[in-house]
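Just start.pdb here, PDB, C-alpha atoms:
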```
MODEL        1
ATOM      1  CA  ALA V   1      69.915 110.736 111.010
ATOM      2  CA  ALA V   2      70.294 111.692 114.649
ATOM      3  CA  GLY V   3      72.876 111.630 117.383
ATOM      4  CA  VAL V   4      75.406 114.176 116.095
ATOM      5  CA  ALA V   5      77.186 115.785 119.061
ATOM      6  CA  PRO V   6      77.678 119.579 119.302
ATOM      7  CA  GLY V   7      80.624 120.874 117.308
ATOM      8  CA  GLU V   8      80.544 118.003 114.833
ATOM      9  CA  GLU V   9      79.694 118.715 111.225
ATOM     10  CA  ARG V  10      76.242 117.489 110.225
ATOM     11  CA  ARG V  11      75.147 117.399 106.608
ATOM     12  CA  ALA V  12      71.518 116.532 106.079
ATOM     13  CA  LEU V  13      71.930 114.422 102.981
ATOM     14  CA  ASP V  14      69.247 112.347 101.340
ATOM     15  CA  ALA V  15      71.806 109.900 100.021
ATOM     16  CA  PHE V  16      75.430 109.282 100.865
ATOM     17  CA  ARG V  17      78.002 107.443  98.807
ATOM     18  CA  ALA V  18      81.224 106.201 100.439
ATOM     19  CA  LEU V  19      83.435 104.689  97.756
ATOM     20  CA  LYS V  20      87.037 103.652  98.235
ATOM     21  CA  ALA V  21      87.707 101.712  95.104
ATOM     22  CA  ARG V  22      84.753 101.528  92.780
ATOM     23  CA  LEU V  23      82.198 103.831  91.176
ATOM     24  CA  ASN V  24      78.956 103.146  89.366
ATOM     25  CA  ARG V  25      76.106 105.298  88.059
ATOM     26  CA  GLY V  26      73.967 104.922  91.166
ATOM     27  CA  GLU V  27      75.108 108.238  92.587
ATOM     28  CA  VAL V  28      74.434 109.899  89.227
ATOM     29  CA  ARG V  29      70.832 108.659  89.331
ATOM     30  CA  ALA V  30      70.451 109.994  92.868
ATOM     31  CA  ALA V  31      71.699 113.432  91.798
ATOM     32  CA  GLU V  32      69.419 113.397  88.759
ATOM     33  CA  ARG V  33      66.446 112.835  91.055
ATOM     34  CA  GLY V  34      67.342 115.908  93.086
ATOM     35  CA  ARG V  35      68.691 114.063  96.098
ATOM     36  CA  ALA V  36      71.527 115.810  97.946
ATOM     37  CA  THR V  37      74.335 113.331  97.418
ATOM     38  CA  LEU V  38      77.908 113.287  98.692
ATOM     39  CA  LEU V  39      80.479 110.992  97.099
ATOM     40  CA  LEU V  40      83.551 110.121  99.147
ATOM     41  CA  ASP V  41      86.472 108.405  97.465
ATOM     42  CA  ALA V  42      89.590 107.519  99.417
ATOM     43  CA  PHE V  43      92.008 107.903  96.517
ATOM     44  CA  GLY V  44      90.182 110.004  93.935
ATOM     45  CA  PRO V  45      88.355 108.802  90.804
ATOM     46  CA  GLY V  46      90.327 106.463  88.549
ATOM     47  CA  ASP V  47      93.229 105.954  90.964
ATOM     48  CA  PRO V  48      95.388 102.866  90.190
ATOM     49  CA  ARG V  49      94.702 101.460  93.674
ATOM     50  CA  ALA V  50      90.976 101.308  92.975
ATOM     51  CA  THR V  51      89.312  97.992  92.193
ATOM     52  CA  SER V  52      87.877  99.307  88.930
ATOM     53  CA  GLY V  53      90.386 102.030  88.201
ATOM     54  CA  ASP V  54      92.726 100.300  85.771
ATOM     55  CA  GLU V  55      92.582 100.662  81.993
ATOM     56  CA  SER V  56      89.986  97.974  81.381
ATOM     57  CA  ARG V  57      87.669  95.526  83.106
ATOM     58  CA  ILE V  58      85.582  92.665  81.749
ATOM     59  CA  THR V  59      81.819  92.996  82.059
ATOM     60  CA  ARG V  60      79.738  89.833  81.751
ATOM     61  CA  ALA V  61      76.450  88.426  82.936
ATOM     62  CA  SER V  62      77.648  84.911  83.781
ATOM     63  CA  HIS V  63      77.533  84.289  87.524
ATOM     64  CA  GLY V  64      76.642  80.620  87.736
ATOM     65  CA  THR V  65      73.168  80.114  89.178
ATOM     66  CA  ASP V  66      72.956  83.643  90.589
ATOM     67  CA  ARG V  67      70.188  85.487  88.742
ATOM     68  CA  LEU V  68      70.562  88.652  90.777
ATOM     69  CA  TYR V  69      74.124  89.361  89.673
ATOM     70  CA  ALA V  70      73.313  88.462  86.092
ATOM     71  CA  THR V  71      70.444  90.972  86.099
ATOM     72  CA  TRP V  72      72.537  93.660  87.783
ATOM     73  CA  ALA V  73      75.313  93.176  85.252
ATOM     74  CA  ARG V  74      72.899  93.765  82.377
ATOM     75  CA  GLU V  75      71.453  96.860  84.024
ATOM     76  CA  ALA V  76      74.943  98.230  84.659
ATOM     77  CA  LEU V  77      75.943  97.521  81.063
ATOM     78  CA  ALA V  78      73.025  99.569  79.790
ATOM     79  CA  ASP V  79      74.195 102.457  81.972
ATOM     80  CA  TRP V  80      77.775 102.227  80.688
ATOM     81  CA  ILE V  81      76.536 102.270  77.095
ATOM     82  CA  ALA V  82      74.331 105.285  77.882
ATOM     83  CA  LEU V  83      77.305 107.055  79.446
ATOM     84  CA  GLY V  84      79.350 106.461  76.308
ATOM     85  CA  ASP V  85      76.539 107.887  74.203
ATOM     86  CA  GLU V  86      76.440 110.950  76.461
ATOM     87  CA  LEU V  87      80.199 111.444  76.096
ATOM     88  CA  GLY V  88      80.236 110.812  72.366
ATOM     89  CA  ARG V  89      82.855 108.076  72.739
ATOM     90  CA  PRO V  90      82.485 104.432  73.739
ATOM     91  CA  ILE V  91      83.145 103.273  77.298
ATOM     92  CA  PHE V  92      82.089  99.722  76.430
ATOM     93  CA  GLU V  93      83.742  97.554  73.771
ATOM     94  CA  PRO V  94      81.333  94.735  72.730
ATOM     95  CA  CYS V  95      83.970  92.097  72.030
ATOM     96  CA  GLY V  96      82.136  89.243  73.742
ATOM     97  CA  VAL V  97      83.340  86.915  76.498
ATOM     98  CA  ALA V  98      84.073  83.184  76.129
ATOM     99  CA  TRP V  99      84.061  80.728  79.029
ATOM    100  CA  LEU V 100      86.106  77.549  78.527
ATOM    101  CA  ALA V 101      84.409  74.600  80.240
ATOM    102  CA  ARG V 102      86.475  71.558  81.129
ATOM    103  CA  ARG V 103      83.548  69.471  82.362
ATOM    104  CA  ASP V 104      79.895  69.125  81.441
ATOM    105  CA  ASP V 105      78.601  70.552  84.704
ATOM    106  CA  GLY V 106      79.872  73.418  86.837
ATOM    107  CA  PHE V 107      80.000  77.211  86.581
ATOM    108  CA  GLU V 108      79.826  77.429  82.790
ATOM    109  CA  ALA V 109      76.847  75.087  82.453
ATOM    110  CA  ASP V 110      75.042  76.823  85.326
ATOM    111  CA  SER V 111      75.727  80.225  83.780
ATOM    112  CA  GLU V 112      74.399  79.135  80.408
ATOM    113  CA  ALA V 113      71.172  77.846  81.951
ATOM    114  CA  THR V 114      70.703  81.045  83.979
ATOM    115  CA  LEU V 115      71.308  83.335  81.014
ATOM    116  CA  ARG V 116      68.882  81.391  78.834
ATOM    117  CA  ALA V 117      66.232  81.559  81.575
ATOM    118  CA  LEU V 118      66.701  85.339  81.774
ATOM    119  CA  GLY V 119      66.654  85.825  78.008
ATOM    120  CA  ILE V 120      70.259  87.049  77.903
ATOM    121  CA  PRO V 121      72.021  86.132  74.630
ATOM    122  CA  VAL V 122      74.355  83.160  75.058
ATOM    123  CA  GLU V 123      75.818  80.478  72.797
ATOM    124  CA  ARG V 124      77.171  77.000  73.483
ATOM    125  CA  LEU V 125      79.952  75.925  71.137
ATOM    126  CA  SER V 126      81.563  72.542  70.720
ATOM    127  CA  PRO V 127      85.383  72.485  70.974
ATOM    128  CA  ALA V 128      85.614  72.190  67.177
ATOM    129  CA  GLU V 129      83.303  75.157  66.660
ATOM    130  CA  ALA V 130      85.305  77.218  69.149
ATOM    131  CA  ALA V 131      88.599  76.338  67.494
ATOM    132  CA  ALA V 132      87.195  77.412  64.132
ATOM    133  CA  ARG V 133      86.219  80.795  65.585
ATOM    134  CA  TRP V 134      89.222  81.597  67.788
ATOM    135  CA  PRO V 135      92.902  80.527  67.939
ATOM    136  CA  ILE V 136      92.622  78.460  71.127
ATOM    137  CA  GLN V 137      93.655  75.017  72.325
ATOM    138  CA  VAL V 138      90.568  72.840  72.781
ATOM    139  CA  ALA V 139      91.953  69.376  73.521
ATOM    140  CA  ASP V 140      90.773  69.364  77.151
ATOM    141  CA  LEU V 141      87.547  71.332  76.679
ATOM    142  CA  ALA V 142      84.031  69.965  77.104
ATOM    143  CA  PHE V 143      82.401  73.021  75.491
ATOM    144  CA  VAL V 144      82.590  76.819  75.349
ATOM    145  CA  VAL V 145      79.957  79.289  76.568
ATOM    146  CA  TYR V 146      80.009  82.562  74.661
ATOM    147  CA  GLU V 147      78.308  85.802  75.700
ATOM    148  CA  PRO V 148      78.142  87.872  72.493
ATOM    149  CA  GLU V 149      76.921  91.029  74.252
ATOM    150  CA  ALA V 150      79.569  91.006  76.982
ATOM    151  CA  GLY V 151      82.923  92.690  76.557
ATOM    152  CA  ALA V 152      85.381  95.182  77.995
ATOM    153  CA  LEU V 153      84.886  98.482  79.781
ATOM    154  CA  ARG V 154      87.351 101.365  79.574
ATOM    155  CA  ALA V 155      87.416 101.346  83.360
ATOM    156  CA  ARG V 156      89.573 104.324  84.297
ATOM    157  CA  GLU V 157      87.986 106.573  81.697
ATOM    158  CA  GLY V 158      84.519 105.377  82.663
ATOM    159  CA  VAL V 159      85.018 105.956  86.390
ATOM    160  CA  ARG V 160      86.244 109.489  85.786
ATOM    161  CA  ALA V 161      83.400 110.163  83.371
ATOM    162  CA  VAL V 162      80.840 108.977  85.938
ATOM    163  CA  THR V 163      82.343 111.323  88.502
ATOM    164  CA  GLU V 164      82.173 114.251  86.082
ATOM    165  CA  ALA V 165      78.549 113.433  85.222
ATOM    166  CA  PHE V 166      77.761 113.250  88.940
ATOM    167  CA  GLY V 167      79.226 116.708  89.506
ATOM    168  CA  ARG V 168      77.352 118.200  86.568
ATOM    169  CA  ARG V 169      74.088 116.979  88.101
ATOM    170  CA  GLY V 170      74.733 118.741  91.382
ATOM    171  CA  GLY V 171      76.497 116.015  93.344
ATOM    172  CA  THR V 172      79.337 116.820  95.742
ATOM    173  CA  ILE V 173      82.666 114.979  95.491
ATOM    174  CA  GLU V 174      85.294 114.782  98.216
ATOM    175  CA  VAL V 175      88.529 112.813  98.439
ATOM    176  CA  ALA V 176      88.487 111.352 101.936
ATOM    177  CA  ARG V 177      88.568 108.071 103.817
ATOM    178  CA  ALA V 178      85.354 107.098 105.573
ATOM    179  CA  MET V 179      84.694 104.590 108.320
ATOM    180  CA  ALA V 180      81.393 103.471 109.777
ATOM    181  CA  GLY V 181      80.629 105.578 112.853
ATOM    182  CA  ARG V 182      78.047 105.332 115.594
ATOM    183  CA  THR V 183      74.996 103.106 115.453
ATOM    184  CA  ALA V 184      71.591 103.073 117.106
ATOM    185  CA  GLY V 185      70.370  99.523 117.097
ATOM    186  CA  SER V 186      70.875  98.254 113.567
ATOM    187  CA  ARG V 187      70.945 101.720 111.998
ATOM    188  CA  LEU V 188      74.122 103.618 111.145
ATOM    189  CA  GLN V 189      74.044 107.150 112.587
ATOM    190  CA  ASP V 190      77.092 108.684 110.932
ATOM    191  CA  VAL V 191      80.445 108.041 109.287
ATOM    192  CA  VAL V 192      83.846 109.231 110.466
ATOM    193  CA  LEU V 193      86.338 110.826 108.096
ATOM    194  CA  GLY V 194      90.063 111.186 108.562
ATOM    195  CA  GLY V 195      90.744 113.666 111.326
ATOM    196  CA  GLY V 196      87.607 112.681 113.201
ATOM    197  CA  ARG V 197      85.051 114.715 111.255
ATOM    198  CA  ARG V 198      81.603 113.110 111.314
ATOM    199  CA  ILE V 199      78.926 113.228 108.641
ATOM    200  CA  ALA V 200      75.323 112.144 109.155
ATOM    201  CA  ALA V 201      72.931 111.286 106.348
ATOM    202  CA  GLY V 202      69.549 109.792 105.606
ATOM    203  CA  GLU V 203      71.083 106.880 103.729
ATOM    204  CA  TYR V 204      74.553 105.364 103.483
ATOM    205  CA  VAL V 205      75.851 103.212 100.647
ATOM    206  CA  PHE V 206      79.291 101.617 100.861
ATOM    207  CA  ALA V 207      80.452 100.389  97.452
ATOM    208  CA  ALA V 208      83.993  99.482  98.317
ATOM    209  CA  GLY V 209      84.690  96.077  96.787
ATOM    210  CA  PRO V 210      87.543  94.266  98.603
ATOM    211  CA  TRP V 211      88.180  97.342 100.754
ATOM    212  CA  LEU V 212      84.824  96.831 102.509
ATOM    213  CA  ALA V 213      86.232  94.610 105.252
ATOM    214  CA  GLY V 214      88.421  97.474 106.445
ATOM    215  CA  LEU V 215      85.492  99.831 106.905
TER     216      LEU V 215
ENDMDL
END
```

Written form, structure tokens:
Amino acid sequence: AAGVAPGEERRALDAFRALKARLNRGEVRAAERGRATLLLDAFGPGDPRATSGDESRITRASHGTDRLYATWAREALADWIALGDELGRPIFEPCGVAWLARRDDGFEADSEATLRALGIPVERLSPAEAAARWPIQVADLAFVVYEPEAGALRAREGVRAVTEAFGRRGGTIEVARAMAGRTAGSRLQDVVLGGGRRIAAGEYVFAAGPWLAGL
């Protein structure tokens, strides 16, 4: 990156991670590959204000007709399972996820078709079959879509574990707020931290969930 004025801090980073609310294993992969990687988190890993920092979060592949998110979800799940294996304790609880459909078309039907096309395990249950499996009311249901390989993530523990793994692989972690800085055409030149400090990098990745609009 270019355009850093005299007196401003410039860090020649191969990859830059600005996270305010959510972590994933992308920065760990970058560190594993020897890329100088800085992780910025506004609140610190596992903070209650973070999007994925509470005790648990559901992970599932169903996203209607969107194949991209379904594929990403499966790739992320494999990483969470691998992280649990590395830690010697599970981050992922494979309890499955059930979607209750109240009409024959819509999100649930689209999700089922997408998962089947991608080869992701999915079941369609009649209301009677669902009631026999779980203690649920089925009077107004058309059917139930069940993802047997979906489940729950130990979110706060997982986020902190990812951060620790990132540090062990040579990544740098800093608690700071980051805003998009100067641009040259369509390319971001730097980011601005609280207090006005600027950091330039070769690449910038903002994984900020609902906080993104404020960046």

Rank V:Asp110, V:Glu93, V:Glu203, V:Asp104 by their smallest atom-to-atom distance to V:Pro148, using all atoms listed in the file, and report the top residue only. V:Glu93

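Among the candidates V:Gly171, V:Phe206, V:Ala200, V:Leu153, the one nearest to V:Ile58 when counting only C-alpha atoms is V:Leu153.
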
Pick from V:Val159, V:Ala150, V:Cys95, V:Ala61 nearest to V:Pro48, counting all atoms listed in the file: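 For V:Pro48, the nearest of the candidates is V:Val159.
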
Matched chain/residue IDs from the PyMOL selection byres ((chain V and resi 114) around 10), as number ranges by chain: V: 61-67, 70, 108-113, 115-120, 122

Residues of the last selection are to be written out with C-alpha atoms, as a PDB file, in the coordinates of the input.
```pdb
ATOM      1  CA  ALA V  61      76.450  88.426  82.936  1.00  0.00           C
ATOM      2  CA  SER V  62      77.648  84.911  83.781  1.00  0.00           C
ATOM      3  CA  HIS V  63      77.533  84.289  87.524  1.00  0.00           C
ATOM      4  CA  GLY V  64      76.642  80.620  87.736  1.00  0.00           C
ATOM      5  CA  THR V  65      73.168  80.114  89.178  1.00  0.00           C
ATOM      6  CA  ASP V  66      72.956  83.643  90.589  1.00  0.00           C
ATOM      7  CA  ARG V  67      70.188  85.487  88.742  1.00  0.00           C
ATOM      8  CA  ALA V  70      73.313  88.462  86.092  1.00  0.00           C
ATOM      9  CA  GLU V 108      79.826  77.429  82.790  1.00  0.00           C
ATOM     10  CA  ALA V 109      76.847  75.087  82.453  1.00  0.00           C
ATOM     11  CA  ASP V 110      75.042  76.823  85.326  1.00  0.00           C
ATOM     12  CA  SER V 111      75.727  80.225  83.780  1.00  0.00           C
ATOM     13  CA  GLU V 112      74.399  79.135  80.408  1.00  0.00           C
ATOM     14  CA  ALA V 113      71.172  77.846  81.951  1.00  0.00           C
ATOM     15  CA  LEU V 115      71.308  83.335  81.014  1.00  0.00           C
ATOM     16  CA  ARG V 116      68.882  81.391  78.834  1.00  0.00           C
ATOM     17  CA  ALA V 117      66.232  81.559  81.575  1.00  0.00           C
ATOM     18  CA  LEU V 118      66.701  85.339  81.774  1.00  0.00           C
ATOM     19  CA  GLY V 119      66.654  85.825  78.008  1.00  0.00           C
ATOM     20  CA  ILE V 120      70.259  87.049  77.903  1.00  0.00           C
ATOM     21  CA  VAL V 122      74.355  83.160  75.058  1.00  0.00           C
TER      22      VAL V 122
END
```

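What the PyMOL selection byres ((chain V and resi 192) around 12) matches in the given file is Val4, Glu8, Glu9, Arg10, Ala18, Leu40, Ala176, Arg177, Ala178, Met179, Ala180, Gly181, Arg182, Thr183, Leu188, Gln189, Asp190, Val191, Leu193, Gly194, Gly195, Gly196, Arg197, Arg198, Ile199, Ala200, Ala201 and Leu215 of chain V.
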
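Proximity to V:Tyr146 was assessed for V:Ala208, V:Ala130, V:Val97, V:Ile91 counting only C-alpha atoms; the smallest distance is recorded for V:Val97.
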
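Each of V:Pro127, V:Ala155, V:Ala213, V:Leu39 was checked against V:Ala142 using only C-alpha atoms; the smallest atom-to-atom distance is that of V:Pro127.
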
Atom CA of V:Ser56 to atom CA of V:Arg89, distance in Å rounded to a single decimal: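 Distance reported for this atom pair: 15.1 Å.
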